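Colleague: Take this structure first; my questions come after.
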Amino acid sequence: MISFARVTKRREGRDVLSAVSARFGRGEITAVVGPSGGGKTTLLRCVVGLDAFDAGEIQACGQSLGPGPAGAQKAALALVRRRVGLVFQAFHLFGHRTALGNVIEAPVHVKRASVALASERGRALLDKVGLGHRASAYPHELSGGEQQRVAIARALAMEPDVLLLDEPTSALDPERTAGLFEILGALREEGKTLVLVTHEMAFAARIADKVVVLHGGEVVEEGAPADVLRAPKDPRTRAFLAV
Amino acid sequence: MSRFVVAAVTWLVLALASLSASAAPERSTLTRVRESGELRWGGDLQGGEPYAYEDPAHPGTIVGFEVDVAAAIARRIGVRARFVQNDWSQLVPSLERGTFDVILNGLEVTRRLSGRGAFSRPYYVFTERLLARKDDPTVDGLASLAGKRVGTLANSLAYEILSGAPAPGPSPVLYEGVEEPYIDLARGRTDAVLLDDIIAARYGERHPELRVVGDIATGTYAVGVSPEDKDLLAAVDAALADSIDTGELERILRKASLWNARQAALRSPASATPEAPKTQPPSMSLSHAVLFLQAAGVTLLVSTLAMGLAVAIGLALAVARAYGPAFLARLAGVYVEIYRGTPVLLQLYLLYYGLASYVRFGAFTAAVIGLGMNYGAYEAEVYRAGIGAVPAGQMDAARALGMSTPLAVRRIVLPQAVRFALPNVTNDFIALLKDSSLVSVITVVELTKQMAITAVDVRSFLLPGLLCAGLYFAMSYPLSRWARGLELRLVRQ
């Protein structure tokens with residue numbers, strides 16, 4: 001579904017991503033783990049063209065993205081963004097729109113759906129993430145967990161095949177993490193491809209089909225969670241996991 | 001709220017009262033003139049050649065026939081003459097304030113001014129000359145001016161003639177300089193100009209599009225003195241009489257090419273001195289209040305339209321600077337710096353008179369465009385700050401959802417940026433409401449101009465000034481209340 005081939009990104013003379021190659025398979029949940037500053041967020045941003053990279057290639061949903069600014073590959077990026085949703089760590093809900101307004105914004109103005117149809121679908125999505133009763137609340141009236149679920153609903157409203165989630169557990173207490181677990185499980189049942197960046201190993205171990213360890217901009221290890229997290233081979237993974 | 005207004009008005013009254021108290025003369029002006037060794041005479045250099053104007057060959061030096069007349073009078077009193085610059089239409093109030101000792105600047109002996117200041121014997125006899133366009137045969141005299149726009153100077157004899165004409169009379173268009181009325185007439189913004197023959201000969205008749213219709217009245221220039229200064233008036237009269245008898249005045253007028261047969265009348269003061277009407281100055285009346293309300297309407301309309309334009313320009317500039325290609329962003333930056341860096345008064349002059357040969361805006365249109373373009377520069381900065389206050393993540397989120405940059409700017413960034421900017425936008429609108437008084441320089445009679453005209457009319461600044469201030473406040477206060485309410489509502493979102 002998405003694959004990285006020797007993708008390198010430099011920022012201020014340092015490799016944020018260093019010849020990263022990785023595959024995120026269709027219908028799988030992949031957890032990208034590693035210490036802070038390891039390039040995890042940049043990896044996600046490169047997929048949807050929010051960050052440009054300097055070398056290598058990203059294949060996403062049949063489109064090929066190369067190095068260089070987003071403006072130069074508008075058409076490919078437009079297609080990728082239609083099929084790949086991104087849930088930011090800080091959610092970035094639109095502050096001047098209600099929960100439902102956030103969810104229908106892109107369907108109405110990008111996909112040109114009618115407001116009535118988009119609203120109907122939007123309410124269904126909010127129901128699905130357990131927030132049907134908060135549809136007319138503004139972002140600042142919502143808790144962190146509620147904001148995250150609106151952000152997920154907003155991304156799903158564009159009917160993506162792939163959902164990227166940046167640190168989805170960081171704003172949640174353990175109880176709510178269970179709720180998120182359920183939502184993501186349901187999405188896998190629907191056949192969505194999920195890539196989530198996290199440094200919460202327990203969560204990754206519970207949910208992921210595959211784990212990729214990103215350390216200092218390099219993929220140092222990948223494989224099934226049971227293998228990577230319980231019996232890491234690379235010393236850097238071991239140091240990070242403190243096993 | 002009401003307590004605040006009472007306090008503000010009380011303060012204003014006290015401030016004005018102390019001003020007029022300090023202006024009261026303690027001893028005879030003539031004594032003071034002799035003691036200080038100088039006769040201060042008030043005039044307006046904007047009146048231009050040949051009255052009193054800057055010598056083009058020696059900038060900083062003032063020349064003109066009135067400079068010579070002032071010197072002739074001062075010499076006979078035994079002092080030096082010193083020129084004091086003052087807005088022409090406000091010469092009489094300034095004399096009353098004691099800004100200078102005498103007015104000597106094309107001061108026409110008019111009914112309106114008689115009784116307010118005392119006039120010396122005349123030093124010049126002029127005619128009121130009517131000019132019209134060559135291609136417009138409909139103007140052939142005062143009677144033909146009914147319903148037409150006629151340019152003149154505020155508080156002049158010509159204005160008195162025009163506004164005193166039987167209804168439906170001409171509608172006077174008031175200027176502050178002598179060049180502008182003829183520019184506007186030539187460009188078709190007015191139908192005729194009625195001004196003193198001296199002015200018409202120098203500024204009007206050289207326009208090839210214009211023709212002299214005729215002279216419709218005679219008047220005289222005299223030195224204006226405060227009514228209490230009887231000894232100063234006597235001294236000025238004696239000095240003028242001597243200048244006439246010795247032939248010095250004739251030499252002065254000949255030097256300025258102003259001598260003509262009419263000036264013979266100067267020798268017999270009785271025939272040249274007008275009757276001094278004994279009528280009391282008019283007081284503020286309901287008709288004044290109606291004029292004030294109309295003028296306030298003009299102020300509000302000009303300000304609102306200009307603000308609408310400023311918001312549109314400001315948004316376009318701010319978006320160009322934040323998201324446009326490099327050259328557009330730089331162009332927008334240049335616009336902002338130029339419009340912020342030069343006086344709006346100058347911009348209005350350039351737009352209305354400077355560009356008159358290329359684009360012919362009406363005065364009202366020019367006022368709206370001029371103020372709108374100027375405030376657009378300030379709005380651009382306000383919205384730029386507003387855009388900067390919207391977190392970068394909002395744009396990221398919009399793009400990740402597939403929005404193009406223009407769509408994201410329009411739907412996501414600007415609506416939030418405008419909320420951040422709203423307090424400053426309100427502030428600017430209130431400032432604009434007051435700055436709109438500047439458009440009187442391009443003949444739009446708005447609230448402040450109406451106040452100045454009425455103040456000269458009723459011979460007091462106090463009541464018209466308070467009424468004017470009250471009307472400005474009545475417009476700005478509800479606005480700031482409304483904006484505050486709107487802010488609170490938006491913040492709650």
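How things are named: the first chain in the structure tokens is A, the next is B, and so on; residues count from 1 in each chain; ligands count from 1 in the order shown.
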Could you pull the residues within 12 Å of region 314-331 of chain B, counting only C-alpha atoms, minus those fewer than 5 positions along the same chain, as a PDB file with N, CA, C and O atoms, in the first residue's frame?
Modeller:
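Below is the file result_28.pdb, written as the result:
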```
ATOM      1  N   ALA B 306     -15.417  53.730   2.851  1.00  0.00           N
ATOM      2  CA  ALA B 306     -13.952  53.666   2.819  1.00  0.00           C
ATOM      3  C   ALA B 306     -13.465  52.456   3.602  1.00  0.00           C
ATOM      4  O   ALA B 306     -12.519  51.774   3.196  1.00  0.00           O
ATOM      5  N   MET B 307     -14.131  52.155   4.726  1.00  0.00           N
ATOM      6  CA  MET B 307     -13.699  51.014   5.530  1.00  0.00           C
ATOM      7  C   MET B 307     -13.944  49.714   4.766  1.00  0.00           C
ATOM      8  O   MET B 307     -13.114  48.806   4.811  1.00  0.00           O
ATOM      9  N   GLY B 308     -15.096  49.641   4.070  1.00  0.00           N
ATOM     10  CA  GLY B 308     -15.359  48.453   3.261  1.00  0.00           C
ATOM     11  C   GLY B 308     -14.254  48.231   2.245  1.00  0.00           C
ATOM     12  O   GLY B 308     -13.734  47.119   2.097  1.00  0.00           O
ATOM     13  N   LEU B 309     -13.853  49.318   1.590  1.00  0.00           N
ATOM     14  CA  LEU B 309     -12.773  49.231   0.609  1.00  0.00           C
ATOM     15  C   LEU B 309     -11.460  48.844   1.291  1.00  0.00           C
ATOM     16  O   LEU B 309     -10.704  47.995   0.789  1.00  0.00           O
ATOM     17  N   VAL B 336       2.078  48.812   1.137  1.00  0.00           N
ATOM     18  CA  VAL B 336       1.862  49.112   2.555  1.00  0.00           C
ATOM     19  C   VAL B 336       2.823  50.203   3.016  1.00  0.00           C
ATOM     20  O   VAL B 336       2.416  51.179   3.666  1.00  0.00           O
ATOM     21  N   GLU B 337       4.100  50.075   2.649  1.00  0.00           N
ATOM     22  CA  GLU B 337       5.080  51.053   3.137  1.00  0.00           C
ATOM     23  C   GLU B 337       4.792  52.440   2.574  1.00  0.00           C
ATOM     24  O   GLU B 337       4.887  53.434   3.287  1.00  0.00           O
ATOM     25  N   ILE B 338       4.431  52.521   1.294  1.00  0.00           N
ATOM     26  CA  ILE B 338       4.176  53.829   0.690  1.00  0.00           C
ATOM     27  C   ILE B 338       2.948  54.484   1.314  1.00  0.00           C
ATOM     28  O   ILE B 338       2.970  55.639   1.706  1.00  0.00           O
ATOM     29  N   TYR B 339       1.873  53.707   1.447  1.00  0.00           N
ATOM     30  CA  TYR B 339       0.648  54.309   1.955  1.00  0.00           C
ATOM     31  C   TYR B 339       0.724  54.625   3.441  1.00  0.00           C
ATOM     32  O   TYR B 339       0.097  55.566   3.915  1.00  0.00           O
ATOM     33  N   GLY B 372      -9.955  54.827   1.659  1.00  0.00           N
ATOM     34  CA  GLY B 372      -9.964  53.360   1.604  1.00  0.00           C
ATOM     35  C   GLY B 372      -8.594  52.808   1.266  1.00  0.00           C
ATOM     36  O   GLY B 372      -8.131  51.850   1.886  1.00  0.00           O
ATOM     37  N   MET B 373      -7.925  53.424   0.293  1.00  0.00           N
ATOM     38  CA  MET B 373      -6.605  52.924  -0.093  1.00  0.00           C
ATOM     39  C   MET B 373      -5.592  53.146   1.016  1.00  0.00           C
ATOM     40  O   MET B 373      -4.715  52.317   1.253  1.00  0.00           O
ATOM     41  N   ASN B 374      -5.720  54.269   1.714  1.00  0.00           N
ATOM     42  CA  ASN B 374      -4.799  54.533   2.817  1.00  0.00           C
ATOM     43  C   ASN B 374      -5.023  53.551   3.962  1.00  0.00           C
ATOM     44  O   ASN B 374      -4.094  52.897   4.440  1.00  0.00           O
ATOM     45  N   TYR B 375      -6.270  53.418   4.378  1.00  0.00           N
ATOM     46  CA  TYR B 375      -6.537  52.508   5.495  1.00  0.00           C
ATOM     47  C   TYR B 375      -6.319  51.055   5.107  1.00  0.00           C
ATOM     48  O   TYR B 375      -6.073  50.218   5.957  1.00  0.00           O
ATOM     49  N   GLY B 376      -6.419  50.759   3.796  1.00  0.00           N
ATOM     50  CA  GLY B 376      -6.126  49.404   3.334  1.00  0.00           C
ATOM     51  C   GLY B 376      -4.737  48.962   3.766  1.00  0.00           C
ATOM     52  O   GLY B 376      -4.519  47.796   4.118  1.00  0.00           O
ATOM     53  N   ALA B 377      -3.793  49.907   3.759  1.00  0.00           N
ATOM     54  CA  ALA B 377      -2.425  49.571   4.158  1.00  0.00           C
ATOM     55  C   ALA B 377      -2.382  49.166   5.632  1.00  0.00           C
ATOM     56  O   ALA B 377      -1.696  48.212   6.004  1.00  0.00           O
ATOM     57  N   TYR B 378      -3.139  49.890   6.461  1.00  0.00           N
ATOM     58  CA  TYR B 378      -3.162  49.539   7.884  1.00  0.00           C
ATOM     59  C   TYR B 378      -3.880  48.216   8.111  1.00  0.00           C
ATOM     60  O   TYR B 378      -3.467  47.385   8.904  1.00  0.00           O
ATOM     61  N   GLU B 379      -4.988  48.029   7.368  1.00  0.00           N
ATOM     62  CA  GLU B 379      -5.724  46.770   7.502  1.00  0.00           C
ATOM     63  C   GLU B 379      -4.837  45.596   7.107  1.00  0.00           C
ATOM     64  O   GLU B 379      -4.890  44.527   7.707  1.00  0.00           O
ATOM     65  N   ALA B 380      -4.020  45.792   6.064  1.00  0.00           N
ATOM     66  CA  ALA B 380      -3.143  44.715   5.602  1.00  0.00           C
ATOM     67  C   ALA B 380      -2.250  44.241   6.745  1.00  0.00           C
ATOM     68  O   ALA B 380      -2.067  43.035   6.945  1.00  0.00           O
ATOM     69  N   GLU B 381      -1.729  45.179   7.513  1.00  0.00           N
ATOM     70  CA  GLU B 381      -0.858  44.802   8.622  1.00  0.00           C
ATOM     71  C   GLU B 381      -1.647  44.092   9.720  1.00  0.00           C
ATOM     72  O   GLU B 381      -1.176  43.139  10.328  1.00  0.00           O
ATOM     73  N   VAL B 382      -2.854  44.585   9.953  1.00  0.00           N
ATOM     74  CA  VAL B 382      -3.687  43.974  10.993  1.00  0.00           C
ATOM     75  C   VAL B 382      -4.011  42.517  10.626  1.00  0.00           C
ATOM     76  O   VAL B 382      -3.913  41.613  11.462  1.00  0.00           O
ATOM     77  N   TYR B 383      -4.374  42.307   9.342  1.00  0.00           N
ATOM     78  CA  TYR B 383      -4.724  40.938   8.943  1.00  0.00           C
ATOM     79  C   TYR B 383      -3.490  40.053   8.863  1.00  0.00           C
ATOM     80  O   TYR B 383      -3.562  38.851   9.083  1.00  0.00           O
ATOM     81  N   ARG B 384      -2.349  40.671   8.523  1.00  0.00           N
ATOM     82  CA  ARG B 384      -1.119  39.889   8.465  1.00  0.00           C
ATOM     83  C   ARG B 384      -0.816  39.335   9.868  1.00  0.00           C
ATOM     84  O   ARG B 384      -0.469  38.168  10.023  1.00  0.00           O
ATOM     85  N   ALA B 385      -0.981  40.209  10.859  1.00  0.00           N
ATOM     86  CA  ALA B 385      -0.774  39.748  12.234  1.00  0.00           C
ATOM     87  C   ALA B 385      -1.791  38.662  12.570  1.00  0.00           C
ATOM     88  O   ALA B 385      -1.454  37.665  13.230  1.00  0.00           O
ATOM     89  N   GLY B 386      -3.040  38.852  12.104  1.00  0.00           N
ATOM     90  CA  GLY B 386      -4.079  37.857  12.361  1.00  0.00           C
ATOM     91  C   GLY B 386      -3.738  36.520  11.733  1.00  0.00           C
ATOM     92  O   GLY B 386      -3.885  35.464  12.361  1.00  0.00           O
ATOM     93  N   ILE B 387      -3.240  36.543  10.499  1.00  0.00           N
ATOM     94  CA  ILE B 387      -2.859  35.300   9.820  1.00  0.00           C
ATOM     95  C   ILE B 387      -1.709  34.636  10.587  1.00  0.00           C
ATOM     96  O   ILE B 387      -1.689  33.424  10.782  1.00  0.00           O
ATOM     97  N   GLY B 388      -0.778  35.463  11.057  1.00  0.00           N
ATOM     98  CA  GLY B 388       0.350  34.930  11.814  1.00  0.00           C
ATOM     99  C   GLY B 388      -0.088  34.269  13.113  1.00  0.00           C
ATOM    100  O   GLY B 388       0.594  33.372  13.622  1.00  0.00           O
ATOM    101  N   MET B 395      -3.224  24.997   8.768  1.00  0.00           N
ATOM    102  CA  MET B 395      -2.926  24.895   7.336  1.00  0.00           C
ATOM    103  C   MET B 395      -2.527  23.455   7.002  1.00  0.00           C
ATOM    104  O   MET B 395      -2.969  22.908   5.983  1.00  0.00           O
ATOM    105  N   SER B 404      -6.679  22.780  -1.514  1.00  0.00           N
ATOM    106  CA  SER B 404      -5.658  23.591  -2.169  1.00  0.00           C
ATOM    107  C   SER B 404      -5.344  24.773  -1.252  1.00  0.00           C
ATOM    108  O   SER B 404      -6.125  25.099  -0.360  1.00  0.00           O
ATOM    109  N   THR B 405      -4.204  25.431  -1.511  1.00  0.00           N
ATOM    110  CA  THR B 405      -3.852  26.568  -0.649  1.00  0.00           C
ATOM    111  C   THR B 405      -4.927  27.658  -0.673  1.00  0.00           C
ATOM    112  O   THR B 405      -5.337  28.119   0.392  1.00  0.00           O
ATOM    113  N   PRO B 406      -5.420  28.070  -1.857  1.00  0.00           N
ATOM    114  CA  PRO B 406      -6.459  29.125  -1.832  1.00  0.00           C
ATOM    115  C   PRO B 406      -7.696  28.714  -1.041  1.00  0.00           C
ATOM    116  O   PRO B 406      -8.243  29.518  -0.279  1.00  0.00           O
ATOM    117  N   LEU B 407      -8.103  27.458  -1.201  1.00  0.00           N
ATOM    118  CA  LEU B 407      -9.289  26.989  -0.472  1.00  0.00           C
ATOM    119  C   LEU B 407      -9.018  27.000   1.027  1.00  0.00           C
ATOM    120  O   LEU B 407      -9.858  27.454   1.826  1.00  0.00           O
ATOM    121  N   ALA B 408      -7.833  26.513   1.421  1.00  0.00           N
ATOM    122  CA  ALA B 408      -7.491  26.465   2.844  1.00  0.00           C
ATOM    123  C   ALA B 408      -7.417  27.871   3.430  1.00  0.00           C
ATOM    124  O   ALA B 408      -7.867  28.118   4.553  1.00  0.00           O
ATOM    125  N   VAL B 409      -6.865  28.819   2.651  1.00  0.00           N
ATOM    126  CA  VAL B 409      -6.763  30.200   3.134  1.00  0.00           C
ATOM    127  C   VAL B 409      -8.160  30.772   3.340  1.00  0.00           C
ATOM    128  O   VAL B 409      -8.470  31.377   4.362  1.00  0.00           O
ATOM    129  N   ARG B 410      -9.026  30.529   2.340  1.00  0.00           N
ATOM    130  CA  ARG B 410     -10.362  31.117   2.384  1.00  0.00           C
ATOM    131  C   ARG B 410     -11.235  30.487   3.467  1.00  0.00           C
ATOM    132  O   ARG B 410     -11.926  31.184   4.205  1.00  0.00           O
ATOM    133  N   VAL B 413      -7.982  29.537   7.215  1.00  0.00           N
ATOM    134  CA  VAL B 413      -7.075  30.504   7.846  1.00  0.00           C
ATOM    135  C   VAL B 413      -7.747  31.870   8.040  1.00  0.00           C
ATOM    136  O   VAL B 413      -7.783  32.401   9.151  1.00  0.00           O
ATOM    137  N   LEU B 414      -8.317  32.433   6.960  1.00  0.00           N
ATOM    138  CA  LEU B 414      -8.848  33.799   7.068  1.00  0.00           C
ATOM    139  C   LEU B 414      -9.980  33.938   8.093  1.00  0.00           C
ATOM    140  O   LEU B 414      -9.975  34.895   8.863  1.00  0.00           O
ATOM    141  N   PRO B 415     -10.948  33.001   8.121  1.00  0.00           N
ATOM    142  CA  PRO B 415     -12.008  33.200   9.110  1.00  0.00           C
ATOM    143  C   PRO B 415     -11.461  33.299  10.533  1.00  0.00           C
ATOM    144  O   PRO B 415     -11.972  34.061  11.348  1.00  0.00           O
ATOM    145  N   ALA B 417      -8.231  34.222  11.233  1.00  0.00           N
ATOM    146  CA  ALA B 417      -7.353  35.405  11.287  1.00  0.00           C
ATOM    147  C   ALA B 417      -8.183  36.660  11.554  1.00  0.00           C
ATOM    148  O   ALA B 417      -7.795  37.526  12.335  1.00  0.00           O
ATOM    149  N   VAL B 418      -9.368  36.739  10.897  1.00  0.00           N
ATOM    150  CA  VAL B 418     -10.214  37.921  11.056  1.00  0.00           C
ATOM    151  C   VAL B 418     -10.677  38.050  12.506  1.00  0.00           C
ATOM    152  O   VAL B 418     -10.784  39.142  13.050  1.00  0.00           O
ATOM    153  N   ALA B 421      -8.047  39.573  14.402  1.00  0.00           N
ATOM    154  CA  ALA B 421      -7.805  40.963  13.989  1.00  0.00           C
ATOM    155  C   ALA B 421      -8.920  41.902  14.423  1.00  0.00           C
ATOM    156  O   ALA B 421      -8.737  43.112  14.446  1.00  0.00           O
ATOM    157  N   VAL B 425      -9.408  46.036  13.967  1.00  0.00           N
ATOM    158  CA  VAL B 425     -10.215  46.543  12.856  1.00  0.00           C
ATOM    159  C   VAL B 425     -11.204  47.582  13.382  1.00  0.00           C
ATOM    160  O   VAL B 425     -11.383  48.649  12.793  1.00  0.00           O
ATOM    161  N   ASP B 428      -9.424  50.745  14.063  1.00  0.00           N
ATOM    162  CA  ASP B 428      -9.128  51.464  12.829  1.00  0.00           C
ATOM    163  C   ASP B 428     -10.366  52.162  12.293  1.00  0.00           C
ATOM    164  O   ASP B 428     -10.283  53.252  11.739  1.00  0.00           O
TER     165      ASP B 428
END
```
Colleague: With a cut-off of 9 Å and counting only C-alpha atoms, select all residues of chain B in contact with chain A and give the selection as a list of chain:residue names.
Modeller: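 Therefore, the residues near the partner are B:Pro391, B:Ala392, B:Gly393, B:Gln394, B:Met395, B:Asp396, B:Ala397, B:Ala398, B:Arg399, B:Ala400, B:Leu401, B:Gly402, B:Met403, B:Ser404, B:Leu407, B:Arg411, B:Ile412, B:Pro415, B:Gln416, B:Leu490, B:Gln493.
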Colleague: Looking only at strand (DSSP E) from DSSP on the backbone, list the matching residues of region 3-115 of chain A as a PyMOL selection string.
Modeller: chain A and resi 3-11+14-24+29-33+55-60+63-65+84-87
Colleague: I'd like the contact shell of region 186-196 of chain B - 10 Å cut-off, only C-alpha atoms, skipping same-chain residues fewer than 6 positions apart - returned as a PDB file with C-alpha atoms, in the first residue's frame.
Modeller:
```pdb
ATOM      1  CA  GLY B 106      -7.711  89.615   0.910  1.00  0.00           C
ATOM      2  CA  GLU B 108     -13.338  91.071   2.146  1.00  0.00           C
ATOM      3  CA  VAL B 125     -11.304  97.461  -4.744  1.00  0.00           C
ATOM      4  CA  PHE B 126     -12.069  94.165  -6.444  1.00  0.00           C
ATOM      5  CA  THR B 127     -14.920  92.617  -8.387  1.00  0.00           C
ATOM      6  CA  GLU B 128     -16.525  89.206  -8.064  1.00  0.00           C
ATOM      7  CA  ARG B 129     -15.778  87.496 -11.353  1.00  0.00           C
ATOM      8  CA  LEU B 130     -17.777  84.559 -12.655  1.00  0.00           C
ATOM      9  CA  LEU B 131     -16.027  81.967 -14.808  1.00  0.00           C
ATOM     10  CA  ALA B 132     -17.525  79.016 -16.673  1.00  0.00           C
ATOM     11  CA  ARG B 133     -16.401  76.482 -19.261  1.00  0.00           C
ATOM     12  CA  LYS B 134     -16.292  77.517 -22.904  1.00  0.00           C
ATOM     13  CA  ASP B 136     -21.060  75.272 -21.440  1.00  0.00           C
ATOM     14  CA  THR B 138     -25.838  77.854 -19.978  1.00  0.00           C
ATOM     15  CA  VAL B 139     -23.967  80.054 -17.469  1.00  0.00           C
ATOM     16  CA  LEU B 142     -25.964  84.900 -11.183  1.00  0.00           C
ATOM     17  CA  LEU B 145     -26.610  79.440 -11.576  1.00  0.00           C
ATOM     18  CA  GLY B 147     -29.127  74.347  -9.112  1.00  0.00           C
ATOM     19  CA  LYS B 148     -25.555  74.475 -10.446  1.00  0.00           C
ATOM     20  CA  ARG B 149     -22.384  73.606  -8.576  1.00  0.00           C
ATOM     21  CA  VAL B 150     -20.321  76.767  -8.125  1.00  0.00           C
ATOM     22  CA  GLY B 151     -16.830  76.703  -6.652  1.00  0.00           C
ATOM     23  CA  THR B 152     -15.648  79.377  -4.226  1.00  0.00           C
ATOM     24  CA  LEU B 153     -13.832  79.846  -0.915  1.00  0.00           C
ATOM     25  CA  SER B 156     -15.854  84.692   1.323  1.00  0.00           C
ATOM     26  CA  LEU B 157     -17.988  87.474  -0.137  1.00  0.00           C
ATOM     27  CA  ALA B 158     -18.562  85.238  -3.165  1.00  0.00           C
ATOM     28  CA  TYR B 159     -19.867  82.505  -0.850  1.00  0.00           C
ATOM     29  CA  ILE B 161     -23.487  86.118  -2.638  1.00  0.00           C
ATOM     30  CA  LEU B 162     -24.030  82.496  -3.697  1.00  0.00           C
ATOM     31  CA  PRO B 170     -26.601  77.664  -6.700  1.00  0.00           C
ATOM     32  CA  SER B 171     -25.015  75.017  -4.502  1.00  0.00           C
ATOM     33  CA  PRO B 172     -21.602  76.311  -3.422  1.00  0.00           C
ATOM     34  CA  VAL B 173     -18.617  73.942  -3.471  1.00  0.00           C
ATOM     35  CA  VAL B 178      -7.344  79.300  -5.190  1.00  0.00           C
ATOM     36  CA  GLU B 180      -8.230  73.980  -7.111  1.00  0.00           C
ATOM     37  CA  GLY B 204      -8.721  80.975 -13.703  1.00  0.00           C
ATOM     38  CA  HIS B 207      -7.125  77.746 -18.332  1.00  0.00           C
ATOM     39  CA  PRO B 208      -7.876  77.502 -22.075  1.00  0.00           C
ATOM     40  CA  GLU B 209     -11.145  75.637 -21.352  1.00  0.00           C
ATOM     41  CA  LEU B 210     -12.562  78.531 -19.312  1.00  0.00           C
ATOM     42  CA  ARG B 211     -14.260  81.812 -20.203  1.00  0.00           C
ATOM     43  CA  VAL B 212     -15.076  84.930 -18.204  1.00  0.00           C
ATOM     44  CA  VAL B 213     -18.832  85.299 -17.839  1.00  0.00           C
ATOM     45  CA  GLY B 214     -18.612  88.687 -16.181  1.00  0.00           C
ATOM     46  CA  ASP B 215     -18.200  90.678 -12.976  1.00  0.00           C
ATOM     47  CA  ILE B 216     -21.326  90.495 -10.863  1.00  0.00           C
ATOM     48  CA  ALA B 217     -20.408  92.512  -7.767  1.00  0.00           C
ATOM     49  CA  THR B 218     -17.833  94.888  -6.327  1.00  0.00           C
ATOM     50  CA  GLY B 219     -16.119  94.539  -2.984  1.00  0.00           C
ATOM     51  CA  THR B 220     -13.160  95.841  -1.050  1.00  0.00           C
ATOM     52  CA  TYR B 353      -6.152  67.212  -8.058  1.00  0.00           C
ATOM     53  CA  ALA B 356      -7.398  65.142 -12.385  1.00  0.00           C
ATOM     54  CA  SER B 357      -6.163  65.088 -15.991  1.00  0.00           C
ATOM     55  CA  VAL B 359      -9.053  60.098 -13.954  1.00  0.00           C
ATOM     56  CA  ARG B 360     -11.960  62.294 -13.074  1.00  0.00           C
ATOM     57  CA  PHE B 361     -13.395  61.086  -9.776  1.00  0.00           C
ATOM     58  CA  GLY B 362     -16.141  63.053  -8.112  1.00  0.00           C
ATOM     59  CA  ALA B 363     -15.138  64.505  -4.756  1.00  0.00           C
TER      60      ALA B 363
END
```
Colleague: With only C-alpha atoms as the atoms that count, which of A:Val213, A:Ala178, A:Val150, A:Ala113 lies nearest to Gly101 (chain A)?
Modeller: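 Using only C-alpha atoms, the shortest distance to Gly101 (chain A) belongs to A:Val150.
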Colleague: Using only C-alpha atoms, determine which residues lie at most 8 Å from Gly191 (chain A), disregarding the query and same-chain residues fewer than 6 positions distant; provide the list as a PDB file with C-alpha atoms, in the first residue's frame.
Modeller:
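Result file follows (result_8.pdb):
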```pdb
ATOM      1  CA  ARG A  26      -2.624  -3.322   2.842  1.00  0.00           C
ATOM      2  CA  GLY A  27      -5.023  -4.037   5.699  1.00  0.00           C
ATOM      3  CA  ASP A 161      -7.799   3.609   2.374  1.00  0.00           C
TER       4      ASP A 161
END
```
Colleague: Quick one: pull the distance between CA of Val79 (chain B) and CA of Leu39 (chain B), Å, one decimal.
Modeller: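 If I compute the distance from CA of Val79 (chain B) to CA of Leu39 (chain B), I get 6.5 Å.
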Colleague: Would you please give, as a ChimeraX atom specification, all residues of region 15-181 of chain B that DSSP assigns to alpha helix (DSSP H) based on the backbone?
Modeller: /B:15-23,29-36,65-77,91-97,157-164,180-181
Colleague: Quick one: everything within 9 Å of Gly62 (chain A), counting only C-alpha atoms, minus sequence neighbours fewer than 2 positions away in the same chain. Send it as a PyMOL selection string.
Modeller: chain A and resi 1-2+59-60+64+80
Colleague: Could you dump the residues just selected with C-alpha atoms as an mmCIF file, in the first residue's frame?
Modeller:
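Everything below was put into again_26.cif:
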```
data_model
loop_
_atom_site.group_PDB
_atom_site.id
_atom_site.type_symbol
_atom_site.label_atom_id
_atom_site.label_comp_id
_atom_site.auth_asym_id
_atom_site.auth_seq_id
_atom_site.Cartn_x
_atom_site.Cartn_y
_atom_site.Cartn_z
ATOM 1 C CA MET A 1 0.000 0.000 0.000
ATOM 2 C CA ILE A 2 2.757 2.412 1.014
ATOM 3 C CA GLN A 59 5.019 4.781 -3.391
ATOM 4 C CA ALA A 60 1.573 5.475 -1.968
ATOM 5 C CA SER A 64 5.023 7.785 -6.920
ATOM 6 C CA VAL A 80 -2.507 10.535 -2.321
#
```
Colleague: Please report the interatomic distance between CA of Val92 (chain B) and CA of Val109 (chain B) in Å with one decimal.
Modeller: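 CA of Val92 (chain B) sits 12.0 Å away from CA of Val109 (chain B).
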Colleague: Find the residues near region 13-24 of chain A: any atom within 9 Å, counting only C-alpha atoms, skip ones fewer than 4 places away on the same chain, and give them as number ranges by chain.
Modeller: A: 1-9, 28-30, 37-40, 42-43, 53, 55-56, 193-195, 210, 212, 214, 216-219, 222
Colleague: What does the structure give for the distance between CA of Gly37 (chain B) and CA of Ala71 (chain B), in Å to one decimal?
Modeller: 12.7 Å
Colleague: Please list as a ChimeraX atom specification every residue within 12 Å of Ser89 (chain B), counting only C-alpha atoms and excluding residues in the same chain fewer than 4 positions away.
Modeller: /B:42-44,46-47,93-95,103,105-108,113,152-157,159,174-177,449,452-457
Colleague: From the set A:Leu229, A:Leu180, A:Leu187, A:Leu131, which residue has the shortest atom-to-atom contact distance to His199 (chain A), counting only C-alpha atoms?
Modeller: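 Result for the nearest residue to His199 (chain A): A:Leu229.
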